[in-house]
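Q: File name model15.tsv; file contents TSV, C-alpha atoms; full text below.
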chain	number	residue	atom	x	y	z
E	1	MET	CA	-0.72	47.29	-19.10
E	2	LYS	CA	-2.32	45.44	-22.03
E	3	LYS	CA	1.02	45.32	-23.84
E	4	LEU	CA	2.70	43.84	-20.75
E	5	ILE	CA	0.00	41.17	-20.41
E	6	LYS	CA	0.32	40.34	-24.10
E	7	LEU	CA	4.12	40.08	-23.79
E	8	ILE	CA	3.82	37.71	-20.82
E	9	LEU	CA	1.29	35.55	-22.67
E	10	VAL	CA	3.47	35.44	-25.77
E	11	LEU	CA	6.46	34.33	-23.67
E	12	LEU	CA	4.37	31.64	-21.97
E	13	ASN	CA	3.09	30.48	-25.34
E	14	ILE	CA	6.66	30.25	-26.64
E	15	LEU	CA	7.50	28.04	-23.66
E	16	VAL	CA	4.61	25.81	-24.71
E	17	PHE	CA	6.06	25.62	-28.23
E	18	ILE	CA	9.44	24.65	-26.80
E	19	GLY	CA	7.83	22.01	-24.58
E	20	LEU	CA	5.89	20.50	-27.47
E	21	SER	CA	8.99	20.46	-29.67
E	22	ALA	CA	10.88	18.61	-26.95
E	23	ALA	CA	7.98	16.14	-26.58
E	24	PHE	CA	7.99	15.49	-30.34
E	25	LEU	CA	11.73	14.82	-30.22
E	26	SER	CA	11.45	12.51	-27.21
E	27	ILE	CA	10.34	9.57	-29.36
E	28	TYR	CA	13.49	9.76	-31.49
E	29	ILE	CA	16.24	10.62	-29.00
E	30	ASN	CA	17.59	7.71	-26.98
E	31	PRO	CA	17.47	8.56	-23.25
E	32	GLN	CA	20.95	7.11	-22.90
E	33	ASP	CA	22.17	9.99	-25.05
E	34	PHE	CA	19.92	12.71	-23.62
E	35	TRP	CA	17.19	11.82	-21.16
E	36	LEU	CA	15.60	15.20	-20.38
E	37	PHE	CA	13.37	15.08	-23.48
E	38	GLN	CA	11.49	12.14	-21.93
E	39	PHE	CA	10.02	14.40	-19.24
E	40	PHE	CA	8.42	16.55	-21.93
E	41	GLY	CA	7.00	13.40	-23.54
E	42	LEU	CA	5.56	12.44	-20.16
E	43	GLY	CA	3.86	15.82	-19.87
E	44	PHE	CA	2.81	16.00	-23.53
E	45	ILE	CA	-0.94	15.86	-22.94
E	46	TYR	CA	-0.84	18.84	-20.55
E	47	ILE	CA	1.38	20.88	-22.85
E	48	TYR	CA	-0.82	20.06	-25.84
E	49	ILE	CA	-3.97	21.16	-23.99
E	50	ALA	CA	-2.18	24.41	-23.07
E	51	ASN	CA	-1.48	24.84	-26.79
E	52	ILE	CA	-5.20	24.50	-27.55
E	53	VAL	CA	-6.10	26.99	-24.81
E	54	PHE	CA	-3.67	29.55	-26.23
E	55	LEU	CA	-5.12	29.07	-29.74
E	56	ILE	CA	-8.62	29.71	-28.42
E	57	TYR	CA	-7.42	32.79	-26.53
E	58	TRP	CA	-5.61	34.37	-29.49
E	59	THR	CA	-8.48	33.53	-31.84
E	60	LEU	CA	-11.18	35.04	-29.63
E	61	ASN	CA	-9.19	38.19	-28.92
E	62	ARG	CA	-7.82	38.60	-32.47
E	63	ILE	CA	-4.69	40.35	-31.24
E	64	SER	CA	-1.97	38.23	-32.84
E	65	LYS	CA	-2.33	36.49	-36.20
E	66	LYS	CA	1.21	35.09	-35.88
E	67	MET	CA	0.36	33.33	-32.61
E	68	ILE	CA	-2.85	31.95	-34.12
E	69	ILE	CA	-0.90	30.52	-37.06
E	70	LEU	CA	1.90	29.10	-34.88
E	71	ASN	CA	-0.50	27.48	-32.40
E	72	THR	CA	-2.50	25.99	-35.27
E	73	ILE	CA	0.68	24.51	-36.80
E	74	PHE	CA	1.72	22.92	-33.50
E	75	ILE	CA	-1.77	21.54	-32.88
E	76	LEU	CA	-1.96	19.99	-36.33
E	77	PHE	CA	1.52	18.52	-35.95
E	78	GLY	CA	0.61	17.05	-32.55
E	79	ILE	CA	-2.70	15.43	-33.55
E	80	SER	CA	-1.10	12.05	-34.27
E	81	TYR	CA	0.50	12.13	-30.80
E	82	PHE	CA	-2.79	13.18	-29.22
E	83	ASN	CA	-4.52	10.21	-30.86
E	84	ASP	CA	-2.31	7.93	-28.77
E	85	PHE	CA	-4.27	9.17	-25.74
E	86	LEU	CA	-7.78	9.48	-27.16
E	87	GLN	CA	-9.51	7.29	-29.73
E	88	ILE	CA	-13.02	7.17	-31.15
E	89	ASN	CA	-13.55	3.87	-32.95
E	90	PHE	CA	-17.14	2.78	-33.52
E	91	THR	CA	-16.32	-0.54	-35.21
E	92	ASN	CA	-15.94	-2.36	-31.90
E	93	THR	CA	-17.08	-5.93	-32.57
E	94	GLU	CA	-16.26	-9.58	-32.04
E	95	SER	CA	-16.37	-12.55	-34.39
E	96	GLU	CA	-16.56	-16.32	-34.15
E	97	LYS	CA	-12.88	-16.51	-35.08
E	98	SER	CA	-11.74	-13.80	-32.69
E	99	ILE	CA	-9.07	-14.54	-30.10
E	100	LYS	CA	-9.35	-12.82	-26.73
E	101	ILE	CA	-6.13	-11.58	-25.15
E	102	LEU	CA	-5.68	-10.24	-21.62
E	103	SER	CA	-2.62	-8.33	-20.44
E	104	TYR	CA	-2.62	-7.54	-16.74
E	105	ASN	CA	-0.10	-6.32	-14.17
E	106	VAL	CA	-1.66	-8.03	-11.14
E	107	ARG	CA	0.77	-6.68	-8.50
E	108	GLN	CA	1.30	-10.15	-6.98
E	109	PHE	CA	-2.50	-10.54	-6.68
E	110	ASP	CA	-2.42	-8.06	-3.78
E	111	LEU	CA	-0.26	-10.45	-1.76
E	112	TYR	CA	1.03	-7.84	0.67
E	113	ASN	CA	-2.42	-6.67	1.71
E	114	TRP	CA	-2.28	-9.18	4.56
E	115	GLU	CA	-5.83	-8.67	5.83
E	116	GLU	CA	-7.58	-8.95	2.45
E	117	ASN	CA	-5.06	-10.54	0.09
E	118	LYS	CA	-7.02	-13.76	-0.43
E	119	ILE	CA	-10.28	-11.86	-0.83
E	120	ASN	CA	-8.73	-9.62	-3.50
E	121	ARG	CA	-6.91	-12.55	-5.14
E	122	ASP	CA	-10.29	-14.23	-5.58
E	123	LYS	CA	-11.64	-11.00	-7.12
E	124	TYR	CA	-8.86	-11.26	-9.70
E	125	PHE	CA	-9.93	-14.84	-10.33
E	126	ASP	CA	-13.58	-13.82	-10.67
E	127	PHE	CA	-12.62	-11.22	-13.27
E	128	ILE	CA	-10.52	-13.70	-15.26
E	129	ARG	CA	-13.32	-16.26	-15.07
E	130	SER	CA	-15.91	-13.75	-16.31
E	131	GLU	CA	-13.76	-12.67	-19.27
E	132	ASN	CA	-12.47	-16.19	-20.09
E	133	PRO	CA	-9.55	-15.03	-22.30
E	134	ASP	CA	-7.72	-17.34	-24.71
E	135	ILE	CA	-4.28	-15.87	-23.99
E	136	VAL	CA	-3.21	-14.16	-20.77
E	137	CYS	CA	-0.02	-12.22	-20.11
E	138	PHE	CA	0.61	-11.48	-16.44
E	139	GLN	CA	3.19	-9.02	-15.17
E	140	GLU	CA	4.22	-9.03	-11.50
E	141	TYR	CA	3.01	-12.60	-11.24
E	142	TYR	CA	3.32	-14.55	-7.97
E	143	GLU	CA	3.50	-18.29	-7.48
E	144	ASP	CA	3.30	-19.92	-4.04
E	145	HIS	CA	4.56	-23.50	-3.61
E	146	THR	CA	3.50	-23.79	0.04
E	147	GLY	CA	-0.23	-24.04	-0.68
E	148	ASN	CA	-0.95	-20.96	1.41
E	149	PHE	CA	-1.67	-18.52	-1.45
E	150	ILE	CA	-2.54	-20.60	-4.51
E	151	THR	CA	-2.50	-18.85	-7.89
E	152	THR	CA	-1.30	-21.03	-10.77
E	153	ASP	CA	-3.49	-24.05	-10.06
E	154	SER	CA	-6.54	-21.81	-9.79
E	155	ILE	CA	-5.81	-20.06	-13.09
E	156	ILE	CA	-5.26	-23.42	-14.81
E	157	GLU	CA	-8.67	-24.51	-13.55
E	158	ILE	CA	-10.36	-21.23	-14.54
E	159	LEU	CA	-8.94	-21.18	-18.08
E	160	GLY	CA	-9.14	-24.94	-18.57
E	161	THR	CA	-5.57	-25.18	-19.83
E	162	LYS	CA	-2.22	-26.40	-18.58
E	163	ASN	CA	-0.33	-24.49	-21.26
E	164	TYR	CA	1.68	-21.79	-19.54
E	165	TYR	CA	5.18	-20.41	-19.29
E	166	PHE	CA	6.36	-18.77	-16.09
E	167	LYS	CA	9.77	-17.19	-15.67
E	168	PRO	CA	10.72	-16.16	-12.12
E	169	THR	CA	12.79	-13.04	-11.63
E	170	TYR	CA	13.11	-13.62	-7.90
E	171	SER	CA	12.78	-16.82	-5.87
E	172	THR	CA	12.94	-17.68	-2.20
E	173	GLY	CA	14.09	-21.27	-2.33
E	174	LYS	CA	11.26	-23.68	-3.03
E	175	LYS	CA	8.54	-21.57	-1.42
E	176	TYR	CA	7.82	-18.45	-3.47
E	177	ASP	CA	8.50	-17.19	-6.99
E	178	PHE	CA	7.95	-13.69	-8.37
E	179	GLY	CA	8.03	-13.11	-12.11
E	180	ILE	CA	6.08	-12.95	-15.34
E	181	ALA	CA	3.82	-15.48	-17.07
E	182	ILE	CA	1.96	-16.41	-20.24
E	183	PHE	CA	-1.11	-18.70	-20.15
E	184	SER	CA	-2.58	-20.04	-23.37
E	185	LYS	CA	-5.49	-22.19	-24.49
E	186	TYR	CA	-3.39	-22.89	-27.58
E	187	PRO	CA	-0.42	-25.28	-27.60
E	188	ILE	CA	2.94	-23.71	-26.69
E	189	LEU	CA	5.61	-24.89	-29.13
E	190	ASN	CA	8.56	-23.00	-27.70
E	191	SER	CA	9.36	-20.40	-25.03
E	192	GLY	CA	12.24	-18.18	-24.05
E	193	PHE	CA	13.19	-15.03	-22.18
E	194	ILE	CA	15.30	-11.89	-22.32
E	195	ASN	CA	16.78	-10.69	-19.06
E	196	PHE	CA	18.88	-7.62	-18.35
E	197	ASP	CA	21.83	-6.62	-16.21
E	198	ASN	CA	21.09	-4.42	-13.19
E	199	SER	CA	17.35	-5.00	-13.46
E	200	SER	CA	14.70	-7.36	-12.11
E	201	ASN	CA	12.49	-6.61	-15.11
E	202	ILE	CA	12.23	-9.16	-17.87
E	203	ILE	CA	10.69	-10.10	-21.24
E	204	ILE	CA	9.41	-13.56	-22.08
E	205	TYR	CA	7.88	-15.05	-25.22
E	206	SER	CA	5.99	-18.16	-26.28
E	207	ASP	CA	5.29	-19.50	-29.76
E	208	LEU	CA	1.63	-20.53	-29.92
E	209	LEU	CA	0.05	-22.84	-32.47
E	210	ILE	CA	-3.25	-21.20	-33.36
E	211	ASP	CA	-5.07	-23.40	-35.88
E	212	LEU	CA	-2.42	-23.75	-38.60
E	213	ASP	CA	-0.65	-20.51	-37.68
E	214	THR	CA	2.29	-19.97	-35.35
E	215	VAL	CA	2.23	-16.68	-33.46
E	216	ARG	CA	4.98	-15.42	-31.16
E	217	VAL	CA	3.56	-13.73	-28.06
E	218	PHE	CA	5.88	-11.43	-26.14
E	219	ASN	CA	5.12	-10.47	-22.55
E	220	ALA	CA	7.21	-7.49	-21.44
E	221	HIS	CA	7.61	-5.85	-18.08
E	222	LEU	CA	9.96	-2.98	-18.76
E	223	GLN	CA	11.93	-1.02	-16.21
E	224	SER	CA	9.92	0.36	-13.31
E	225	ILE	CA	10.71	3.66	-11.61
E	226	LYS	CA	10.19	1.90	-8.26
E	227	PHE	CA	8.50	4.72	-6.38
E	228	GLU	CA	8.93	4.73	-2.62
E	229	PRO	CA	6.39	6.22	-0.16
E	230	GLU	CA	8.38	9.45	0.01
E	231	ASP	CA	8.12	9.80	-3.77
E	232	TYR	CA	4.32	9.63	-3.63
E	233	THR	CA	4.41	12.18	-0.80
E	234	PHE	CA	6.42	14.49	-3.05
E	235	ILE	CA	3.92	14.04	-5.91
E	236	GLN	CA	1.11	14.91	-3.51
E	237	LYS	CA	2.96	18.09	-2.57
E	238	ILE	CA	3.17	19.06	-6.24
E	239	GLU	CA	-0.58	18.53	-6.65
E	240	GLU	CA	-1.33	20.66	-3.58
E	241	SER	CA	1.05	23.53	-4.21
E	242	ILE	CA	4.00	23.64	-6.54
E	243	ASP	CA	5.39	26.62	-4.59
E	244	SER	CA	6.07	24.40	-1.61
E	245	VAL	CA	8.28	22.02	-3.58
E	246	LEU	CA	12.02	22.44	-3.21
E	247	ILE	CA	14.59	21.37	-5.79
E	248	ASP	CA	16.33	19.24	-3.16
E	249	ASP	CA	13.07	17.33	-2.63
E	250	ALA	CA	12.76	16.66	-6.37
E	251	THR	CA	16.32	15.40	-6.94
E	252	PRO	CA	15.87	11.78	-5.72
E	253	LEU	CA	12.68	11.35	-7.77
E	254	LEU	CA	14.24	12.84	-10.92
E	255	THR	CA	17.29	10.61	-10.49
E	256	LYS	CA	15.10	7.50	-10.28
E	257	MET	CA	13.18	8.55	-13.36
E	258	ARG	CA	16.38	9.30	-15.28
E	259	ASP	CA	17.85	5.88	-14.46
E	260	ALA	CA	14.58	4.14	-15.36
E	261	TYR	CA	14.40	5.94	-18.72
E	262	LYS	CA	17.94	4.84	-19.57
E	263	LEU	CA	17.35	1.21	-18.61
E	264	ARG	CA	14.01	1.10	-20.45
E	265	ALA	CA	15.74	2.37	-23.58
E	266	ILE	CA	18.13	-0.60	-23.49
E	267	GLN	CA	15.24	-3.00	-22.92
E	268	ALA	CA	13.13	-1.41	-25.68
E	269	ASP	CA	16.01	-1.72	-28.15
E	270	SER	CA	16.45	-5.39	-27.24
E	271	LEU	CA	12.73	-6.16	-27.54
E	272	SER	CA	12.52	-4.32	-30.86
E	273	ASP	CA	15.42	-6.39	-32.19
E	274	ARG	CA	13.71	-9.65	-31.16
E	275	ILE	CA	10.43	-8.54	-32.73
E	276	ASN	CA	12.15	-7.74	-36.01
E	277	LYS	CA	13.92	-11.12	-36.01
E	278	SER	CA	10.80	-13.14	-35.20
E	279	PRO	CA	10.09	-15.82	-37.81
E	280	TYR	CA	6.38	-15.50	-37.00
E	281	LYS	CA	3.77	-12.78	-36.75
E	282	VAL	CA	3.88	-11.28	-33.27
E	283	ILE	CA	1.69	-10.04	-30.44
E	284	VAL	CA	3.38	-7.85	-27.83
E	285	CYS	CA	1.71	-7.46	-24.45
E	286	GLY	CA	3.03	-5.74	-21.42
E	287	ASP	CA	3.58	-3.03	-18.91
E	288	PHE	CA	6.03	-0.67	-20.62
E	289	ASN	CA	6.06	1.80	-17.72
E	290	ASP	CA	6.07	4.60	-20.29
E	291	THR	CA	3.52	6.72	-22.13
E	292	PRO	CA	2.87	6.66	-25.90
E	293	VAL	CA	4.98	9.82	-26.36
E	294	SER	CA	8.25	8.16	-25.43
E	295	TYR	CA	11.31	6.54	-26.94
E	296	THR	CA	10.33	3.23	-25.31
E	297	TYR	CA	6.88	2.99	-26.87
E	298	HIS	CA	7.85	4.06	-30.39
E	299	THR	CA	10.93	1.84	-30.43
E	300	VAL	CA	8.93	-1.24	-29.43
E	301	LYS	CA	5.99	-0.39	-31.66
E	302	GLY	CA	8.07	0.06	-34.79
E	303	ASP	CA	5.93	-1.27	-37.66
E	304	LEU	CA	3.42	-2.94	-35.36
E	305	LEU	CA	-0.17	-1.79	-34.83
E	306	ASP	CA	-1.48	-0.57	-31.49
E	307	SER	CA	-4.76	-2.28	-30.58
E	308	PHE	CA	-5.97	0.83	-28.76
E	309	GLU	CA	-5.48	2.96	-31.88
E	310	GLU	CA	-7.11	0.30	-34.04
E	311	SER	CA	-10.20	-0.47	-31.96
E	312	GLY	CA	-10.18	1.59	-28.76
E	313	PHE	CA	-12.67	4.18	-27.62
E	314	GLY	CA	-12.16	6.99	-25.13
E	315	ILE	CA	-9.17	7.94	-23.01
E	316	GLY	CA	-6.48	5.28	-22.90
E	317	GLN	CA	-5.63	5.32	-19.22
E	318	SER	CA	-4.28	2.02	-17.91
E	319	TYR	CA	-2.33	3.08	-14.81
E	320	ASN	CA	-4.38	3.26	-11.65
E	321	GLY	CA	-1.96	5.34	-9.63
E	322	ALA	CA	-0.84	8.82	-8.70
E	323	PHE	CA	1.78	9.24	-11.42
E	324	PRO	CA	1.73	9.02	-14.37
E	325	SER	CA	-2.03	8.65	-14.82
E	326	PHE	CA	-1.80	7.61	-18.48
E	327	ARG	CA	-1.65	4.62	-20.78
E	328	ILE	CA	1.44	2.55	-20.00
E	329	ASP	CA	0.06	-0.96	-20.68
E	330	TYR	CA	-0.20	-2.13	-24.27
E	331	ILE	CA	-1.16	-4.88	-26.68
E	332	LEU	CA	0.58	-4.42	-30.04
E	333	HIS	CA	0.48	-6.78	-33.00
E	334	SER	CA	1.68	-7.43	-36.55
E	335	LYS	CA	-0.14	-5.79	-39.44
E	336	SER	CA	-1.41	-9.20	-40.58
E	337	ILE	CA	-3.44	-9.38	-37.37
E	338	LYS	CA	-6.65	-7.40	-37.04
E	339	SER	CA	-7.80	-5.79	-33.80
E	340	LEU	CA	-11.58	-6.00	-33.46
E	341	LYS	CA	-12.33	-4.77	-29.97
E	342	TYR	CA	-10.38	-3.08	-27.15
E	343	LYS	CA	-11.36	-2.81	-23.49
E	344	CYS	CA	-9.63	-1.44	-20.41
E	345	PRO	CA	-12.04	-2.08	-17.50
E	346	ARG	CA	-11.61	0.26	-14.52
E	347	ILE	CA	-11.12	-2.49	-11.95
E	348	PRO	CA	-9.42	-1.05	-8.83
E	349	LEU	CA	-7.59	-4.20	-7.68
E	350	SER	CA	-4.09	-3.40	-8.91
E	351	ASP	CA	-2.23	-0.18	-9.64
E	352	HIS	CA	-2.84	-1.14	-13.29
E	353	PHE	CA	-6.10	-1.71	-15.13
E	354	PRO	CA	-6.40	-4.86	-17.26
E	355	VAL	CA	-6.17	-4.53	-21.04
E	356	LEU	CA	-8.38	-6.80	-23.16
E	357	VAL	CA	-8.30	-7.11	-26.92
E	358	TYR	CA	-10.19	-9.27	-29.41
E	359	ILE	CA	-8.04	-10.03	-32.46
E	360	GLU	CA	-8.41	-11.99	-35.66
E	361	LEU	CA	-5.58	-13.60	-37.59
Go ahead and render the structure in this file as structure tokens.
A:
Amino acid sequence: MKKLIKLILVLLNILVFIGLSAAFLSIYINPQDFWLFQFFGLGFIYIYIANIVFLIYWTLNRISKKMIILNTIFILFGISYFNDFLQINFTNTESEKSIKILSYNVRQFDLYNWEENKINRDKYFDFIRSENPDIVCFQEYYEDHTGNFITTDSIIEILGTKNYYFKPTYSTGKKYDFGIAIFSKYPILNSGFINFDNSSNIIIYSDLLIDLDTVRVFNAHLQSIKFEPEDYTFIQKIEESIDSVLIDDATPLLTKMRDAYKLRAIQADSLSDRINKSPYKVIVCGDFNDTPVSYTYHTVKGDLLDSFEESGFGIGQSYNGAFPSFRIDYILHSKSIKSLKYKCPRIPLSDHFPVLVYIEL
């Protein structure tokens, strides 16, 4: 009986090795060529923890030196990936020269919560007022020209600046605009955008004059999976009992995720190209809709620094939703920029938490 149990555990542990290997490869293999690896990247943290559990088990029971060695190798190899999810930085300070940046997917300021939308919109405004950032990148921004649900004028008043660039991705005549925006207390010298076929997601950028420096700020909202209510119902079924889930139920969700991975890969490649061609140092803010162990994140990051890795503390969760409950919102920057302090306040207004970073040029 003991031999059978050991055999089963060894086989399960081998599956963990295979899963981790696939997760490691997910950052290098373009989803357009082979998208299945991205699912292992999505589940990396769970697979990695399983790896640790197996190492503890084999070590305590001392019944397989080979499994101890193999698990140790995989854990050591995966530490750099694990650090994308957990950071312990004690040098978390500000300075007189620091610039405060906010990146926030505001989900149209809770527009569609008809009973409380203005109450929650004002809570967004209260938060922005309390933080008083120098640069703000909004994803899922909403602008109302009817005067019924004012956003832009209020933010201009709160920040004390008229410097902003808003690019609509969807408009209803002269009444409403949905899109993405950059607000800045620094002069905007130039702005532009990158749009994509078959997608309502977009990337914008503005060149800001900060003292005597010009910095290009990118604001990216990369391809969403666009979950429907039935998708969240399916996720709930998984959480309750995986035995009750049928393959037929999973197919629509997996198809959406596959398509989103492929489109995000195209967008990530395009953004990476623009970053590399920038004549100025860059700051990249945005909702990437992907975890750190993904082709999207590593393609966009390239040679940039991740502010969470540089000055974050704790678990880097930025998505306030059912799935995936990980870090999918980022502020990256050139190596000539220093990240001093990182915050991700757990404010339950949107399905994303705001990301705040203090930087120094």
Q: Work out how far atom CA of Ile128 of chain E is from atom CA of Ser200 of chain E, in Å to one decimal.
A: 26.2 Å
Q: Rounded to one decimal place, report the atom CA of Leu86 of chain E-atom CA of Pro292 of chain E distance in Å.
A: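 Computing it gives 11.1 Å between the two atoms.
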Q: Within 12 Å of segment 153-164 of chain E, counting only C-alpha atoms, which residues qualify if same-chain residues fewer than 3 places away don't, as a PDB file with C-alpha atoms, in the frame of the given file?
A:
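Full text of around.pdb as output:
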ATOM      1  CA  LEU E 102      -5.680 -10.240 -21.620  1.00  0.00           C
ATOM      2  CA  PHE E 109      -2.500 -10.540  -6.680  1.00  0.00           C
ATOM      3  CA  ARG E 121      -6.910 -12.550  -5.140  1.00  0.00           C
ATOM      4  CA  ASP E 122     -10.290 -14.230  -5.580  1.00  0.00           C
ATOM      5  CA  TYR E 124      -8.860 -11.260  -9.700  1.00  0.00           C
ATOM      6  CA  PHE E 125      -9.930 -14.840 -10.330  1.00  0.00           C
ATOM      7  CA  ASP E 126     -13.580 -13.820 -10.670  1.00  0.00           C
ATOM      8  CA  PHE E 127     -12.620 -11.220 -13.270  1.00  0.00           C
ATOM      9  CA  ILE E 128     -10.520 -13.700 -15.260  1.00  0.00           C
ATOM     10  CA  ARG E 129     -13.320 -16.260 -15.070  1.00  0.00           C
ATOM     11  CA  SER E 130     -15.910 -13.750 -16.310  1.00  0.00           C
ATOM     12  CA  GLU E 131     -13.760 -12.670 -19.270  1.00  0.00           C
ATOM     13  CA  ASN E 132     -12.470 -16.190 -20.090  1.00  0.00           C
ATOM     14  CA  PRO E 133      -9.550 -15.030 -22.300  1.00  0.00           C
ATOM     15  CA  ASP E 134      -7.720 -17.340 -24.710  1.00  0.00           C
ATOM     16  CA  ILE E 135      -4.280 -15.870 -23.990  1.00  0.00           C
ATOM     17  CA  VAL E 136      -3.210 -14.160 -20.770  1.00  0.00           C
ATOM     18  CA  CYS E 137      -0.020 -12.220 -20.110  1.00  0.00           C
ATOM     19  CA  PHE E 138       0.610 -11.480 -16.440  1.00  0.00           C
ATOM     20  CA  TYR E 141       3.010 -12.600 -11.240  1.00  0.00           C
ATOM     21  CA  TYR E 142       3.320 -14.550  -7.970  1.00  0.00           C
ATOM     22  CA  GLU E 143       3.500 -18.290  -7.480  1.00  0.00           C
ATOM     23  CA  ASP E 144       3.300 -19.920  -4.040  1.00  0.00           C
ATOM     24  CA  HIS E 145       4.560 -23.500  -3.610  1.00  0.00           C
ATOM     25  CA  GLY E 147      -0.230 -24.040  -0.680  1.00  0.00           C
ATOM     26  CA  PHE E 149      -1.670 -18.520  -1.450  1.00  0.00           C
ATOM     27  CA  ILE E 150      -2.540 -20.600  -4.510  1.00  0.00           C
ATOM     28  CA  LYS E 167       9.770 -17.190 -15.670  1.00  0.00           C
ATOM     29  CA  ILE E 180       6.080 -12.950 -15.340  1.00  0.00           C
ATOM     30  CA  ALA E 181       3.820 -15.480 -17.070  1.00  0.00           C
ATOM     31  CA  ILE E 182       1.960 -16.410 -20.240  1.00  0.00           C
ATOM     32  CA  PHE E 183      -1.110 -18.700 -20.150  1.00  0.00           C
ATOM     33  CA  SER E 184      -2.580 -20.040 -23.370  1.00  0.00           C
ATOM     34  CA  LYS E 185      -5.490 -22.190 -24.490  1.00  0.00           C
ATOM     35  CA  TYR E 186      -3.390 -22.890 -27.580  1.00  0.00           C
ATOM     36  CA  PRO E 187      -0.420 -25.280 -27.600  1.00  0.00           C
ATOM     37  CA  ILE E 188       2.940 -23.710 -26.690  1.00  0.00           C
ATOM     38  CA  LEU E 189       5.610 -24.890 -29.130  1.00  0.00           C
ATOM     39  CA  ASN E 190       8.560 -23.000 -27.700  1.00  0.00           C
ATOM     40  CA  SER E 191       9.360 -20.400 -25.030  1.00  0.00           C
ATOM     41  CA  ILE E 204       9.410 -13.560 -22.080  1.00  0.00           C
ATOM     42  CA  TYR E 205       7.880 -15.050 -25.220  1.00  0.00           C
ATOM     43  CA  SER E 206       5.990 -18.160 -26.280  1.00  0.00           C
ATOM     44  CA  ASP E 207       5.290 -19.500 -29.760  1.00  0.00           C
ATOM     45  CA  LEU E 208       1.630 -20.530 -29.920  1.00  0.00           C
ATOM     46  CA  LEU E 209       0.050 -22.840 -32.470  1.00  0.00           C
ATOM     47  CA  VAL E 217       3.560 -13.730 -28.060  1.00  0.00           C
TER      48      VAL E 217
END
Q: Can you tell me, as JSON, numbers by chain, what residues are no more than 10 Å from Gln87 of chain E when counting only C-alpha atoms, ignoring any on the same chain fewer than 2 positions away?
A: {"E": [82, 83, 84, 85, 89, 90, 308, 309, 310, 311, 312, 313, 314, 315, 316]}
Q: Please identify all polymer residues within 9 Å of Gln139 of chain E, counting all atoms listed in the file, omitting same-chain residues fewer than 4 positions from it, and present them as a VMD selection string.
A: chain E and resid 103 to 108 179 to 181 219 to 221 286 to 287
Q: Do you have the atom CA of Lys256 of chain E-atom CA of Ser224 of chain E distance handy?
A: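 Calculated distance between atom CA of Lys256 of chain E and atom CA of Ser224 of chain E is 9.3 Å.
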Q: Of the candidates E:Ile5, E:Leu111, E:Val293, E:Ile119, which shows the shortest atom-to-atom distance to Leu20 of chain E, using only C-alpha atoms?
A: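 The closest residue to Leu20 of chain E is E:Val293.
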Q: Determine, counting only C-alpha atoms, which protein, DNA and RNA residues have an atom within 9 Å of an atom of segment 273-284 of chain E; residues of the same chain fewer than 3 positions away are not included. Present the result as a ChimeraX atom specification.
A: /E:205,207,213-220,268-270,300-302,304,330-337
Q: Grab the residues selected above and save them as a short mmCIF file (atom, residue, chain, number, x, y, z; two decimals), in the coordinates of the input with C-alpha atoms.
A:
data_model
loop_
_atom_site.label_atom_id
_atom_site.label_comp_id
_atom_site.auth_asym_id
_atom_site.auth_seq_id
_atom_site.Cartn_x
_atom_site.Cartn_y
_atom_site.Cartn_z
CA TYR E 205 7.88 -15.05 -25.22
CA ASP E 207 5.29 -19.50 -29.76
CA ASP E 213 -0.65 -20.51 -37.68
CA THR E 214 2.29 -19.97 -35.35
CA VAL E 215 2.23 -16.68 -33.46
CA ARG E 216 4.98 -15.42 -31.16
CA VAL E 217 3.56 -13.73 -28.06
CA PHE E 218 5.88 -11.43 -26.14
CA ASN E 219 5.12 -10.47 -22.55
CA ALA E 220 7.21 -7.49 -21.44
CA ALA E 268 13.13 -1.41 -25.68
CA ASP E 269 16.01 -1.72 -28.15
CA SER E 270 16.45 -5.39 -27.24
CA VAL E 300 8.93 -1.24 -29.43
CA LYS E 301 5.99 -0.39 -31.66
CA GLY E 302 8.07 0.06 -34.79
CA LEU E 304 3.42 -2.94 -35.36
CA TYR E 330 -0.20 -2.13 -24.27
CA ILE E 331 -1.16 -4.88 -26.68
CA LEU E 332 0.58 -4.42 -30.04
CA HIS E 333 0.48 -6.78 -33.00
CA SER E 334 1.68 -7.43 -36.55
CA LYS E 335 -0.14 -5.79 -39.44
CA SER E 336 -1.41 -9.20 -40.58
CA ILE E 337 -3.44 -9.38 -37.37
#
Q: May I have the residues within 9 Å of Asp329 of chain E as a PyMOL selection string, using all atoms listed in the file and disregarding those fewer than 4 positions away in the same chain?
A: chain E and resi 103-105+285-291+317-319+352-355
Q: Ranking E:Thr59, E:Ala22, E:Trp35, E:Glu140 by minimum distance to Leu254 of chain E and counting all atoms listed in the file, which one comes first?
A: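 Among E:Thr59, E:Ala22, E:Trp35, E:Glu140, it is E:Trp35 that comes nearest to Leu254 of chain E.
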